[in-house]
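Novice: What follows is input.cif, mmCIF, C-alpha atoms and all ligand atoms.
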```cif
data_start
loop_
_atom_site.label_atom_id
_atom_site.label_comp_id
_atom_site.auth_asym_id
_atom_site.auth_seq_id
_atom_site.Cartn_x
_atom_site.Cartn_y
_atom_site.Cartn_z
CA MET A 202 -80.69 50.01 51.48
CA LYS A 203 -79.20 49.42 54.89
CA ASN A 204 -80.97 46.08 55.04
CA LEU A 205 -79.76 45.07 51.65
CA LEU A 206 -76.14 45.80 52.60
CA LEU A 207 -76.54 43.85 55.79
CA THR A 208 -77.99 40.90 53.92
CA THR A 209 -75.13 41.01 51.44
CA ALA A 210 -72.65 41.14 54.28
CA ILE A 211 -74.22 38.12 55.95
CA ALA A 212 -74.32 36.23 52.68
CA LEU A 213 -70.62 36.93 52.17
CA THR A 214 -69.79 35.97 55.73
CA PHE A 215 -71.39 32.60 55.18
CA ALA A 216 -70.04 32.11 51.71
CA MET A 217 -66.41 32.93 52.42
CA PRO A 218 -65.62 30.53 55.25
CA THR A 219 -67.32 27.69 53.41
CA PHE A 220 -65.14 28.29 50.39
CA ALA A 221 -62.00 28.66 52.48
CA ALA A 222 -62.75 25.53 54.46
CA GLY A 223 -63.30 23.57 51.27
CA THR A 224 -59.94 24.60 49.86
CA HIS A 225 -58.15 23.91 53.10
CA ASP A 226 -59.61 20.46 53.51
CA GLY A 227 -58.71 19.52 49.98
CA GLY A 228 -55.12 20.67 50.29
CA HIS A 229 -54.58 19.26 53.73
CA GLY A 230 -56.16 15.96 52.87
CA ALA A 231 -53.88 15.49 49.90
CA GLU A 232 -50.84 16.38 51.95
CA LYS A 233 -51.84 13.93 54.66
CA THR A 234 -52.10 11.12 52.19
CA ALA A 235 -48.61 11.85 50.93
CA SER A 236 -46.84 12.24 54.24
CA HIS A 237 -48.75 9.92 56.53
CA GLY A 238 -49.78 7.24 54.09
CA ALA A 239 -46.70 5.20 54.82
CA ASP A 240 -47.45 5.00 58.52
CA GLY A 241 -49.44 1.86 57.97
CA HIS A 242 -50.47 1.78 61.60
CA SER A 243 -52.83 -1.02 60.76
CA ASP A 244 -52.22 -4.09 58.65
CA ASN A 245 -55.04 -3.08 56.32
CA HIS A 246 -53.20 0.09 55.54
CA ALA A 247 -49.95 -1.73 54.78
CA GLU A 248 -51.68 -4.10 52.39
CA MET A 249 -52.38 -1.17 50.09
CA MET A 250 -48.79 0.03 49.91
CA MET A 251 -47.16 0.56 46.52
CA ILE A 252 -44.18 -1.54 47.50
CA GLY A 253 -46.33 -4.52 48.31
CA MET A 254 -47.58 -6.29 51.40
CA PRO A 255 -46.42 -8.44 54.30
CA GLY A 256 -45.43 -11.82 52.89
CA ASP A 257 -46.55 -15.31 53.83
CA ALA A 258 -43.68 -17.17 55.55
CA SER A 259 -44.72 -20.44 53.88
CA LYS A 260 -44.42 -18.86 50.41
CA VAL A 261 -40.94 -17.35 50.65
CA ASP A 262 -39.11 -17.49 47.29
CA ARG A 263 -35.70 -16.28 48.44
CA THR A 264 -33.78 -15.10 51.47
CA ILE A 265 -31.81 -11.86 51.41
CA ASN A 266 -29.24 -11.15 54.09
CA VAL A 267 -28.78 -7.58 55.25
CA THR A 268 -26.17 -6.37 57.73
CA MET A 269 -26.38 -3.01 59.50
CA VAL A 270 -22.90 -1.61 60.00
CA GLU A 271 -21.17 1.56 61.13
CA THR A 272 -17.80 2.24 59.54
CA ASP A 273 -14.76 3.90 61.14
CA ASP A 274 -15.17 6.96 58.90
CA GLY A 275 -18.65 7.71 60.25
CA LYS A 276 -20.74 6.02 57.59
CA MET A 277 -23.68 3.76 58.31
CA LEU A 278 -24.61 1.15 55.77
CA LEU A 279 -27.08 -1.55 54.93
CA GLU A 280 -24.72 -4.12 53.49
CA GLY A 281 -25.54 -7.42 51.90
CA ASP A 282 -27.16 -9.12 48.94
CA GLU A 283 -28.33 -7.29 45.81
CA MET A 284 -31.93 -6.14 46.16
CA THR A 285 -33.36 -6.80 42.73
CA PHE A 286 -36.63 -8.68 42.71
CA GLU A 287 -39.30 -10.00 40.40
CA THR A 288 -42.80 -8.59 40.71
CA GLY A 289 -44.76 -10.85 43.03
CA GLU A 290 -41.70 -12.35 44.70
CA THR A 291 -41.86 -12.97 48.44
CA ILE A 292 -38.59 -12.28 50.17
CA ARG A 293 -37.39 -13.15 53.64
CA PHE A 294 -35.04 -10.37 54.74
CA VAL A 295 -32.76 -11.61 57.50
CA ILE A 296 -31.33 -8.50 59.11
CA GLU A 297 -28.49 -8.34 61.59
CA ASN A 298 -27.39 -5.21 63.41
CA LYS A 299 -23.61 -5.44 63.75
CA GLY A 300 -23.29 -1.78 64.79
CA GLU A 301 -23.13 -0.14 68.16
CA LEU A 302 -26.28 1.95 67.66
CA GLU A 303 -29.91 1.10 67.20
CA HIS A 304 -30.95 0.88 63.55
CA GLU A 305 -34.05 0.18 61.57
CA PHE A 306 -34.86 -1.34 58.22
CA VAL A 307 -37.82 0.14 56.36
CA LEU A 308 -39.10 -0.92 52.95
CA ASP A 309 -41.02 1.81 51.17
CA THR A 310 -41.02 4.24 48.27
CA MET A 311 -38.28 6.89 48.33
CA GLU A 312 -40.93 9.62 48.63
CA ARG A 313 -42.53 8.05 51.65
CA ASN A 314 -39.18 7.37 53.28
CA ALA A 315 -38.26 11.03 52.76
CA ALA A 316 -41.52 12.20 54.34
CA HIS A 317 -41.09 9.80 57.23
CA LYS A 318 -37.51 10.85 57.81
CA ILE A 319 -38.71 14.41 58.50
CA GLU A 320 -41.40 13.14 60.88
CA MET A 321 -38.88 11.04 62.73
CA ALA A 322 -36.56 14.01 63.13
CA LYS A 323 -39.38 16.16 64.45
CA MET A 324 -41.05 13.76 66.80
CA MET A 325 -38.76 10.78 67.26
CA MET A 326 -41.70 8.59 66.35
CA GLU A 327 -41.70 4.98 67.38
CA HIS A 328 -42.97 2.71 64.69
CA ASP A 329 -44.39 -0.74 64.64
CA ASP A 330 -45.31 -1.46 61.06
CA PRO A 331 -45.03 -4.68 59.07
CA ASN A 332 -42.68 -3.03 56.54
CA ARG A 333 -40.29 -1.98 59.30
CA ILE A 334 -38.09 -3.52 61.95
CA THR A 335 -36.02 -1.75 64.60
CA LEU A 336 -33.01 -3.61 65.93
CA ASP A 337 -30.86 -2.86 68.97
CA ALA A 338 -27.10 -3.23 68.62
CA GLY A 339 -26.27 -6.90 68.22
CA ALA A 340 -29.86 -7.94 67.56
CA SER A 341 -31.23 -9.59 64.44
CA GLY A 342 -34.68 -10.07 62.99
CA GLU A 343 -36.73 -10.74 59.88
CA VAL A 344 -39.10 -8.97 57.53
CA ILE A 345 -41.04 -11.12 55.08
CA TRP A 346 -42.34 -9.06 52.21
CA THR A 347 -44.14 -9.62 48.91
CA PHE A 348 -43.28 -7.07 46.22
CA ALA A 349 -46.53 -6.36 44.42
CA ASN A 350 -45.58 -3.72 41.86
CA ASP A 351 -42.84 -2.89 39.38
CA GLY A 352 -40.79 0.06 40.43
CA THR A 353 -37.94 1.66 42.25
CA PHE A 354 -38.18 1.40 46.00
CA GLU A 355 -35.87 1.79 48.93
CA ALA A 356 -34.66 0.02 52.04
CA ALA A 357 -33.55 2.57 54.61
CA CYS A 358 -32.93 3.45 58.23
CA LEU A 359 -34.91 6.60 59.08
CA ILE A 360 -33.44 7.24 62.52
CA PRO A 361 -32.38 10.92 62.39
CA GLY A 362 -28.97 11.32 60.74
CA HIS A 363 -28.63 7.69 59.66
CA TYR A 364 -30.02 8.03 56.13
CA GLU A 365 -27.63 10.95 55.59
CA SER A 366 -24.77 8.73 56.75
CA GLY A 367 -25.52 6.40 53.86
CA MET A 368 -28.04 4.03 55.41
CA TYR A 369 -30.20 3.34 52.36
CA ARG A 370 -30.27 0.90 49.47
CA ALA A 371 -32.12 0.75 46.18
CA VAL A 372 -34.79 -1.91 45.92
CA ALA A 373 -35.56 -2.65 42.28
CA VAL A 374 -38.67 -4.61 41.45
CA GLY A 375 -39.48 -5.98 37.98
CA GLU A 376 -38.56 -4.21 34.76
CA HIS A 377 -37.37 -1.11 36.58
CA ALA A 378 -34.36 -2.95 37.98
CA MET A 379 -31.78 -1.35 35.69
CA LYS A 380 -33.28 2.12 35.92
CA ALA A 381 -33.21 1.90 39.71
CA SER A 382 -29.52 1.35 40.07
CA MET A 383 -28.85 4.20 37.63
CA THR A 384 -31.08 6.60 39.57
CA MET A 385 -29.40 5.70 42.84
CA ALA A 386 -25.96 6.25 41.36
CA ALA A 387 -27.03 9.71 40.18
CA THR A 388 -28.41 10.55 43.63
CA ASP A 389 -25.11 9.63 45.26
CA VAL A 390 -23.21 11.96 42.96
CA GLN A 391 -25.60 14.82 43.75
CA VAL A 392 -25.16 14.38 47.49
CA ALA A 393 -21.39 14.29 47.17
CA GLN A 394 -21.26 17.46 45.07
CA ALA A 395 -23.68 19.55 47.13
CA ASP A 396 -22.01 22.61 48.62
CA VAL A 397 -22.07 22.89 52.36
CA GLU A 398 -24.59 25.55 53.28
CA TYR A 399 -24.55 27.46 56.54
CA THR A 400 -27.82 27.53 58.46
CA LYS A 401 -28.92 30.38 60.71
CA GLY A 402 -29.88 29.57 64.26
CA LYS A 403 -30.09 30.71 67.82
CA VAL A 404 -28.43 28.80 70.64
CA THR A 405 -31.03 28.14 73.33
CA LYS A 406 -29.08 25.82 75.62
CA VAL A 407 -25.47 24.71 76.07
CA ASP A 408 -24.61 21.50 77.90
CA ALA A 409 -20.81 21.65 78.00
CA LYS A 410 -20.43 18.50 80.10
CA GLY A 411 -22.67 16.45 77.84
CA GLY A 412 -21.17 17.92 74.67
CA LYS A 413 -24.62 19.02 73.53
CA VAL A 414 -26.07 22.25 72.24
CA THR A 415 -29.71 23.06 71.56
CA ILE A 416 -30.26 25.26 68.50
CA ASP A 417 -33.46 26.83 67.23
CA HIS A 418 -32.54 26.66 63.54
CA GLY A 419 -33.69 27.24 59.98
CA PRO A 420 -33.96 24.42 57.41
CA LEU A 421 -30.87 22.18 57.25
CA LEU A 422 -30.61 21.73 53.49
CA ASN A 423 -27.75 19.24 53.55
CA LEU A 424 -29.74 17.00 55.91
CA ASP A 425 -33.12 17.61 54.27
CA MET A 426 -34.57 18.69 57.62
CA PRO A 427 -37.09 21.47 58.22
CA ALA A 428 -36.65 24.39 60.60
CA MET A 429 -36.99 23.29 64.22
CA LYS A 430 -35.40 23.34 67.63
CA MET A 431 -33.17 20.37 68.30
CA VAL A 432 -30.13 19.05 70.13
CA PHE A 433 -26.80 18.69 68.34
CA ARG A 434 -23.52 17.25 69.45
CA ALA A 435 -20.47 19.48 69.55
CA ASP A 436 -16.88 18.84 70.57
CA GLU A 437 -15.14 20.77 73.33
CA ALA A 438 -13.60 23.36 71.00
CA MET A 439 -16.97 24.05 69.38
CA ILE A 440 -18.85 24.21 72.71
CA SER A 441 -16.37 26.81 74.00
CA LYS A 442 -17.43 29.16 71.19
CA LEU A 443 -21.14 28.85 71.96
CA SER A 444 -23.30 30.54 74.56
CA GLU A 445 -27.00 30.76 75.30
CA GLY A 446 -28.87 33.35 73.25
CA GLN A 447 -26.11 33.58 70.63
CA GLU A 448 -27.16 34.03 66.99
CA ILE A 449 -25.04 31.76 64.82
CA GLU A 450 -24.56 30.41 61.34
CA PHE A 451 -23.53 26.79 61.43
CA VAL A 452 -23.15 23.52 59.56
CA ALA A 453 -24.40 20.26 61.08
CA GLU A 454 -23.38 16.86 59.79
CA PRO A 455 -23.83 13.30 60.96
CA VAL A 456 -20.72 12.12 62.80
CA LYS A 457 -20.92 8.52 63.93
CA GLY A 458 -24.66 8.69 63.62
CA ARG A 459 -25.14 11.81 65.69
CA LEU A 460 -25.94 15.19 64.25
CA THR A 461 -22.96 17.32 65.13
CA VAL A 462 -22.12 21.00 64.73
CA THR A 463 -19.00 20.86 62.56
CA GLN A 464 -18.61 24.46 61.36
CA LEU A 465 -19.48 27.84 62.77
CA LYS A 466 -19.28 31.46 61.70
CU CU A 501 -29.59 3.49 61.44
#
```
Would you mind writing the structure in this file as structure tokens?
Ligand SMILES: [Cu+2]
Specialist:
Amino acid sequence: MKNLLLTTAIALTFAMPTFAAGTHDGGHGAEKTASHGADGHSDNHAEMMMIGMPGDASKVDRTINVTMVETDDGKMLLEGDEMTFETGETIRFVIENKGELEHEFVLDTMERNAAHKIEMAKMMMEHDDPNRITLDAGASGEVIWTFANDGTFEAACLIPGHYESGMYRAVAVGEHAMKASMTMAATDVQVAQADVEYTKGKVTKVDAKGGKVTIDHGPLLNLDMPAMKMVFRADEAMISKLSEGQEIEFVAEPVKGRLTVTQLK
């Protein structure tokens, strides 16, 4: 009887981890595909993207001009020509950064841009993918892209805080062109109407001279950022109310491209 119990126990011990591992792998694998698929760290990877593939410079159908700008009221924009394309069209995007900050131009699905935005905020990842170009202030560059599939895509800057400042544009390919502009309009309204939510956090460092404060915080819903520890800007008046170890509830917003603590309670 003792032996039988022992055997059963061993059988269970072996069975359980195998089952658990199987479930974990499946879930994790799927998640990885969703959030890391857009990395396209190799050209092969990029060729399989929903939005299309790097284009052939000798087969460019049209040129689209894009200007990266920062406005006086704190917005950042990708200005320029309408981005409505035919399926299969190869476009030369000529991009000029007229702002004072570094910006990037990424072509991808909205889902992948959203996933990447979170990764960028967490790790400040540097990217070098064919669907992406990073431009210093005053610099210009090109992305040549062939749009392979019908659908609603997005051109965006995923540098933390920039997307939230308005740095994204709808890219409509094929029959979905009309739908795309309608969806984007609806998204804008949603963002504008969202109530400002206070986030809980703990101040871990105050740099009064630099106008910076490090906060270990919960999810920032208005910025679509997960819980993490990061540096925010704060003006003199705000800094004077903050001290190391303090538990706070705060609101952070992009101000001139920098995430800034704007409200506190
Ligand atoms: Cu930007």
Novice: In terms of the shortest atom-to-atom distance over only C-alpha atoms and all ligand atoms, which of A:Met254, A:Val267, A:Leu443, A:Met277 is closest to ligand CU 501 (chain A)?
Specialist: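 Going through A:Met254, A:Val267, A:Leu443, A:Met277 one by one, the smallest distance to ligand CU 501 (chain A) is for A:Met277.
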Novice: Could you list the protein, DNA and RNA residues that have any atom within 6 Å of ligand CU 501 (chain A), counting all atoms listed in the file, and write them as a PDB file with C-alpha atoms, keeping the file's coordinate frame?
Specialist:
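Contents of the output file part33.pdb:
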```
ATOM      1  CA  HIS A 304     -30.950   0.880  63.550  1.00  0.00           C
ATOM      2  CA  GLU A 305     -34.050   0.180  61.570  1.00  0.00           C
ATOM      3  CA  CYS A 358     -32.930   3.450  58.230  1.00  0.00           C
ATOM      4  CA  ILE A 360     -33.440   7.240  62.520  1.00  0.00           C
ATOM      5  CA  HIS A 363     -28.630   7.690  59.660  1.00  0.00           C
TER       6      HIS A 363
END
```
Novice: Return the single residue from A:Leu302, A:Ala315, A:Val261, A:Ala356 that is closest to A:Met368, with distances computed using all atoms listed in the file.
Specialist: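 Result for the nearest residue to A:Met368: A:Ala356.
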Novice: Please, what distance in Å, to one decimal, runs between atom CA of A:Lys401 and atom CA of A:Tyr364?
Specialist: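 Atom CA of A:Tyr364 lies at a distance of 22.8 Å from atom CA of A:Lys401.
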Novice: Pick out the closest residue to A:Asp262 from this set: A:Thr347, A:Thr353, A:Thr461, A:Asn332. Count all atoms listed in the file.
Specialist: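 Among the listed residues, A:Thr347 lies closest to A:Asp262.
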Novice: Find the spatial neighbours of A:Glu283, counting all atoms listed in the file, within a cut-off of 9 Å - ignore same-chain residues fewer than 3 positions away - and output them as a PyMOL selection string.
Specialist: chain A and resi 265+286+371-372
Novice: Would you mind reading off the distance between atom CA of A:Met249 and atom CA of A:Ile292, one decimal, in Å?
Specialist: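 If I compute the distance from atom CA of A:Met249 to atom CA of A:Ile292, I get 17.7 Å.
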Novice: Name all residues at most 8 Å from A:Gly446 (count all atoms listed in the file; drop same-chain ones fewer than 3 positions away) and give them as a list in words.
Specialist: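 Answer for this query is Lys403, Val404, Thr405 and Lys406 of chain A.
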Novice: State, in Å with one decimal place, the distance from atom CA of A:Met439 to atom CA of A:Leu460.
Specialist: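 Between atom CA of A:Met439 and atom CA of A:Leu460 the gap works out to 13.6 Å.
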Novice: Taking the point (-23.7, 13.6, 65.8) as given in the file, collect each protein or nucleic acid residue that comes within 12 Å of it, counting all atoms listed in the file, and present the set as number ranges by chain.
Specialist: A: 275-276, 361-363, 365-366, 412-414, 431-436, 452-463
Novice: (-18.2, 21.0, 76.7) in this file's frame - what residues fall within 7 Å of it? Use only C-alpha atoms and give the answer as a PDB file with C-alpha atoms, in the coordinates of the input.
Specialist:
```pdb
ATOM      1  CA  ASP A 408     -24.610  21.500  77.900  1.00  0.00           C
ATOM      2  CA  ALA A 409     -20.810  21.650  78.000  1.00  0.00           C
ATOM      3  CA  LYS A 410     -20.430  18.500  80.100  1.00  0.00           C
ATOM      4  CA  GLY A 411     -22.670  16.450  77.840  1.00  0.00           C
ATOM      5  CA  GLY A 412     -21.170  17.920  74.670  1.00  0.00           C
ATOM      6  CA  ASP A 436     -16.880  18.840  70.570  1.00  0.00           C
ATOM      7  CA  GLU A 437     -15.140  20.770  73.330  1.00  0.00           C
ATOM      8  CA  ILE A 440     -18.850  24.210  72.710  1.00  0.00           C
ATOM      9  CA  SER A 441     -16.370  26.810  74.000  1.00  0.00           C
TER      10      SER A 441
END
```
